[in-house]
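For reference, the structure discussed in these notes is given below.
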Amino acid sequence: MDQIKLGDVTVTRVWEYFGPVEMAPETFFPESPKEVWDEGASWLTPHFLDSETHIVNTAIQTWLLRSEGKTILVDTGVGNHKDRPYAPVWNRLETDFLANLARAGVEPEDVDIVINTHLHIDHVGWNTCLDGRRWVPTFPNATYLMPKDDFDFWNPENGHKPLLGRGNQNVFEDSVAPVHRAGRTLLWENSHRIDAGLRLDAAPGHTPGSSVLTLASGTDRAVFVGDMLHSPVQILEPDSNSCFCEDPAGARATRRKVLGWAADNNALVIPAHLGGHGAAEVARAGSTFAIKGWAPFAPYTEQG
């Protein structure tokens with residue numbers, strides 16, 4: 001497991017999946033200029049793009065934080081055995097995620113807090129696991145922090161019509177509702193302080209309840225941005241949304257605001273899905289941003 005220290009907080013990267021998502025850049029990021037992918041092929045390959053197939057590569061991973069004696073998970077990936085008929089890449093996966101978490105020194109009973117930055121299919125999957133034929137909380141002692149706006153938006157009883165259509169089908173029922181029924185959720189709004197160095201803030205756009213987690217410990221700063229970014233191309237082209245953003249204008253505004261804060265505060269930007277070194281420091285570059293440096297996590301393609 002790769003691990004870094006930010007102030008008094010330990011951050012560990014826990015792998016679930018790395019590989020293609022069966023989408024070309026023009027599909028995944030329809031607003032991004034073609035030339036940025038063509039000109040960037042040398043550094044985007046292989047961590048973010050497969051040059052032979054022209055398919056985007058992505059990572060599914062959980063960020064494990066140890067802060068003030070608490071064990072915290074940021075996003076829980078896709079999960080095993082989940083029926084995802086409209087998302088074939090994630091349908092009925094069988095991964096070693098829990099074993100990878102154990103190799104990082106954490107058993108499910110050890111987890112104190114689970115943060116779902118939003119409630120998409122690939123951020124809540126390990127919230128639950130099968131117990132016989134029932135979905136139960138994977139982390140039985142944890143408080144699951146979920147944005148209330150996303151909880152309400154994805155609850156089928158409320159009749160919202162998401163951009164994803166059926167792409168998130170079954171997710172609320174098997175990965176969100178069982179945790180709520182078990183009394184393990186805390187539905188927060190606007191902002192939520194976890195401890196002295198960790199704070200959740202609403203960052204809507206990608207979904208109505210999307211959020212970011214800011215870390216401030218000692219002189220170190222970082223921001224866990226969930227799906228505000230899926231690719232480093234969106235640092236260079238911050239107005240380029242993914243095809244999954246529910247509110248395109250809101251997503252662009254959020255991305256520029258958070259990247260601006262990160263650049264001004266020398267903060268590490270830690271998205272949910274970056275392969276390669278997993279995170280980056282950014283700098284202002286005129287009206288956009290540049291990658292100033294990468295985090296020291298070892299790329300999956302270079303791990304044994």
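Here, A, B, ... name the chains of the structure tokens in the order displayed, residue numbers run from 1 inside each chain, and ligands are numbered from 1 in the same displayed order.
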
Next item on the list: Quick one: everything within 9 Å of Ile291 of chain A, counting only C-alpha atoms, minus sequence neighbours fewer than 2 positions away in the same chain. Send it as an MDAnalysis selection string.
Entry: chainID A and resid 232 235:236 280:284 289 293:294

Closest contacts (segment 50-137 of chain A/segment 2-13 of chain A, max 6 Å, only C-alpha atoms) as CSV:
```
residue,atom,partner,partner_atom,distance
A:Trp63,CA,A:Arg13,CA,5.1
A:Leu64,CA,A:Thr12,CA,5.0
A:Leu65,CA,A:Val11,CA,4.8
A:Arg66,CA,A:Thr10,CA,5.2
A:Ser67,CA,A:Val9,CA,5.0
```

Check: Which of these, A:Trp43, A:Trp135, A:Phe48, A:Tyr17, has the shortest distance to Asp122 of chain A once you count only C-alpha atoms?
Finding: A:Tyr17

Checklist line | In segment 56-264 of chain A, DSSP helix (DSSP H, G or I) residues written as a ChimeraX atom specification | finding: /A:88-90,97-103,108-110,125-127,148-154,156-158,165-168,171-181,233-236,248-264

Generate a file of the selected residues that holds C-alpha atoms, formatted as a CSV table (one decimal), in the first residue's frame.
```csv
chain,number,residue,atom,x,y,z
A,88,PRO,CA,-21.3,-3.4,-17.5
A,89,VAL,CA,-17.8,-2.5,-16.5
A,90,TRP,CA,-18.9,-2.6,-12.9
A,97,PHE,CA,-10.6,-4.8,-2.1
A,98,LEU,CA,-11.1,-6.0,1.5
A,99,ALA,CA,-7.9,-7.9,1.4
A,100,ASN,CA,-6.1,-4.8,0.1
A,101,LEU,CA,-7.6,-2.9,3.0
A,102,ALA,CA,-6.4,-5.6,5.4
A,103,ARG,CA,-2.9,-5.3,4.0
A,108,PRO,CA,-14.0,-3.6,8.5
A,109,GLU,CA,-14.7,-3.4,12.3
A,110,ASP,CA,-11.8,-0.9,12.6
A,125,GLY,CA,-20.2,0.1,-3.5
A,126,TRP,CA,-18.4,-1.2,-0.5
A,127,ASN,CA,-20.8,0.6,1.8
A,148,LYS,CA,-28.3,15.0,2.2
A,149,ASP,CA,-28.8,16.6,-1.2
A,150,ASP,CA,-27.5,13.5,-2.9
A,151,PHE,CA,-29.4,11.2,-0.6
A,152,ASP,CA,-32.6,12.9,-1.6
A,153,PHE,CA,-31.7,13.2,-5.3
A,154,TRP,CA,-30.9,9.5,-5.7
A,156,PRO,CA,-36.1,6.6,-6.1
A,157,GLU,CA,-39.1,7.5,-4.0
A,158,ASN,CA,-38.4,11.2,-4.9
A,165,GLY,CA,-30.7,7.6,-16.6
A,166,ARG,CA,-30.6,4.0,-15.5
A,167,GLY,CA,-26.8,4.0,-15.0
A,168,ASN,CA,-27.1,4.3,-11.2
A,171,VAL,CA,-27.2,1.6,-6.2
A,172,PHE,CA,-29.5,3.4,-3.7
A,173,GLU,CA,-31.3,0.1,-2.9
A,174,ASP,CA,-28.2,-2.0,-2.3
A,175,SER,CA,-25.5,0.4,-1.2
A,176,VAL,CA,-27.2,3.4,0.5
A,177,ALA,CA,-30.6,2.4,1.9
A,178,PRO,CA,-29.3,-0.6,3.9
A,179,VAL,CA,-26.9,1.6,5.7
A,180,HIS,CA,-29.6,4.1,6.4
A,181,ARG,CA,-32.0,1.5,7.7
A,233,VAL,CA,-6.8,17.1,-18.5
A,234,GLN,CA,-9.5,18.9,-16.5
A,235,ILE,CA,-6.8,20.7,-14.6
A,236,LEU,CA,-5.5,22.1,-17.9
A,248,PRO,CA,-22.6,21.5,-16.2
A,249,ALA,CA,-22.4,25.2,-15.3
A,250,GLY,CA,-22.2,24.3,-11.6
A,251,ALA,CA,-19.5,21.7,-12.2
A,252,ARG,CA,-17.4,24.2,-14.0
A,253,ALA,CA,-17.8,26.8,-11.3
A,254,THR,CA,-16.9,24.4,-8.6
A,255,ARG,CA,-13.9,23.1,-10.4
A,256,ARG,CA,-12.5,26.5,-10.9
A,257,LYS,CA,-13.2,27.5,-7.3
A,258,VAL,CA,-11.5,24.5,-5.8
A,259,LEU,CA,-8.6,24.5,-8.1
A,260,GLY,CA,-8.0,28.1,-7.4
A,261,TRP,CA,-8.0,27.5,-3.7
A,262,ALA,CA,-5.6,24.6,-4.1
A,263,ALA,CA,-3.2,26.7,-6.2
A,264,ASP,CA,-3.3,29.6,-3.8
```

Margin query: Please determine, counting only C-alpha atoms, which residue among A:Asp75, A:Arg92, A:Asn170, A:Arg184 has the shortest atom-to-atom distance to Val136 of chain A.
Written below: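 The answer is A:Arg184, which sits nearest to Val136 of chain A.
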
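Shell of Val21 of chain A at 7 Å, with only C-alpha atoms counted and residues fewer than 4 places along the chain excluded, is Val56, Asn57, Thr58 and Val89 of chain A.
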
Keeping all heavy atoms, export the residues of the selection given above as a short mmCIF file (atom, residue, chain, number, x, y, z; two decimals), in the first residue's frame.
```cif
data_model
loop_
_atom_site.label_atom_id
_atom_site.label_comp_id
_atom_site.auth_asym_id
_atom_site.auth_seq_id
_atom_site.Cartn_x
_atom_site.Cartn_y
_atom_site.Cartn_z
N VAL A 56 -10.00 5.79 -22.27
CA VAL A 56 -9.57 6.39 -21.01
C VAL A 56 -9.32 5.29 -19.98
O VAL A 56 -10.14 4.37 -19.83
CB VAL A 56 -10.62 7.39 -20.49
CG1 VAL A 56 -10.24 7.91 -19.10
CG2 VAL A 56 -10.78 8.55 -21.47
N ASN A 57 -8.21 5.38 -19.28
CA ASN A 57 -7.93 4.52 -18.14
C ASN A 57 -8.30 5.26 -16.85
O ASN A 57 -8.11 6.47 -16.74
CB ASN A 57 -6.45 4.14 -18.08
CG ASN A 57 -6.09 3.06 -19.07
OD1 ASN A 57 -6.92 2.25 -19.45
ND2 ASN A 57 -4.84 3.05 -19.52
N THR A 58 -8.80 4.51 -15.90
CA THR A 58 -9.20 5.12 -14.64
C THR A 58 -8.89 4.18 -13.48
O THR A 58 -8.70 2.98 -13.67
CB THR A 58 -10.70 5.46 -14.64
OG1 THR A 58 -11.00 6.38 -13.60
CG2 THR A 58 -11.56 4.23 -14.47
N VAL A 89 -19.13 -2.41 -17.04
CA VAL A 89 -17.77 -2.45 -16.50
C VAL A 89 -17.78 -2.80 -15.02
O VAL A 89 -16.85 -3.43 -14.50
CB VAL A 89 -17.06 -1.10 -16.73
CG1 VAL A 89 -15.69 -1.08 -16.07
CG2 VAL A 89 -16.92 -0.82 -18.22
#
```

Next item on the list: Tell me, as an NGL selection string, which residues lie within 12 Å of Ser231 of chain A, counting only C-alpha atoms; anything in the same chain fewer than 5 positions away does not count.
Entry: :A and (25 or 28-29 or 32 or 36-37 or 40 or 44-45 or 47-49 or 56-59 or 225-226 or 236-238 or 240-242 or 269-276 or 278-280 or 291)

Notebook entry, point to check: Running DSSP on the backbone, which parts of segment 145-224 of chain A land in strand (DSSP E), as a list in words?
Noted result: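 Everything in segment 145-224 of chain A that counts as strand (DSSP E) is Leu145, Met146, Pro147, Thr185, Leu186, Leu187, Trp188, Ser191, His192, Arg193, Ile194, Asp195, Leu198, Arg199, Leu200, Asp201, Ala202, Ser211, Val212, Leu213, Thr214, Leu215, Ala216, Ser217, Asp220, Arg221, Ala222, Val223 and Phe224 of chain A.
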
Note to self: Taking 3 positions as the minimum chain separation for residues in the same chain, which residues sit within 8 Å of Val114 of chain A when counting only C-alpha atoms? Answer as a PyMOL selection string.
What the structure shows: chain A and resi 72-76+111+142-145

So that I have them on file, write out the residues from the current selection with C-alpha atoms, as a PDB file, in the first residue's frame.
```pdb
ATOM      1  CA  ILE A  72     -11.604   7.110   7.931  1.00  0.00           C
ATOM      2  CA  LEU A  73     -12.416   5.908   4.411  1.00  0.00           C
ATOM      3  CA  VAL A  74     -13.036   8.400   1.607  1.00  0.00           C
ATOM      4  CA  ASP A  75     -15.333   6.750  -0.971  1.00  0.00           C
ATOM      5  CA  THR A  76     -15.880   3.008  -1.183  1.00  0.00           C
ATOM      6  CA  VAL A 111     -13.395   1.801  10.467  1.00  0.00           C
ATOM      7  CA  ALA A 142     -18.692   3.273  11.215  1.00  0.00           C
ATOM      8  CA  THR A 143     -20.719   6.432  10.820  1.00  0.00           C
ATOM      9  CA  TYR A 144     -21.396   6.924   7.108  1.00  0.00           C
ATOM     10  CA  LEU A 145     -21.304  10.605   6.147  1.00  0.00           C
TER      11      LEU A 145
END
```

Margin query: Please report the interatomic distance between atom CA of Asn91 of chain A and atom CA of Ser211 of chain A in Å with one decimal.
Written below: 25.6 Å

Next item on the list: Go through A:Leu93, A:Ile55, A:Ala196, A:Val14 one by one, measure the shortest atom-to-atom distance of each to Ala41 of chain A using only C-alpha atoms, and give the residue with the smallest value.
Entry: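 Counting only C-alpha atoms, the residue closest to Ala41 of chain A is A:Ile55.
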
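Atom CA of Thr301 of chain A is found 17.2 Å from atom CA of Asp96 of chain A.
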
Item checked: Given only C-alpha atoms as the counted atoms, nearest of A:Pro147, A:Lys70, A:Ile60, A:Glu16 to His230 of chain A ->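 Using only C-alpha atoms, His230 of chain A sits closest to A:Ile60.
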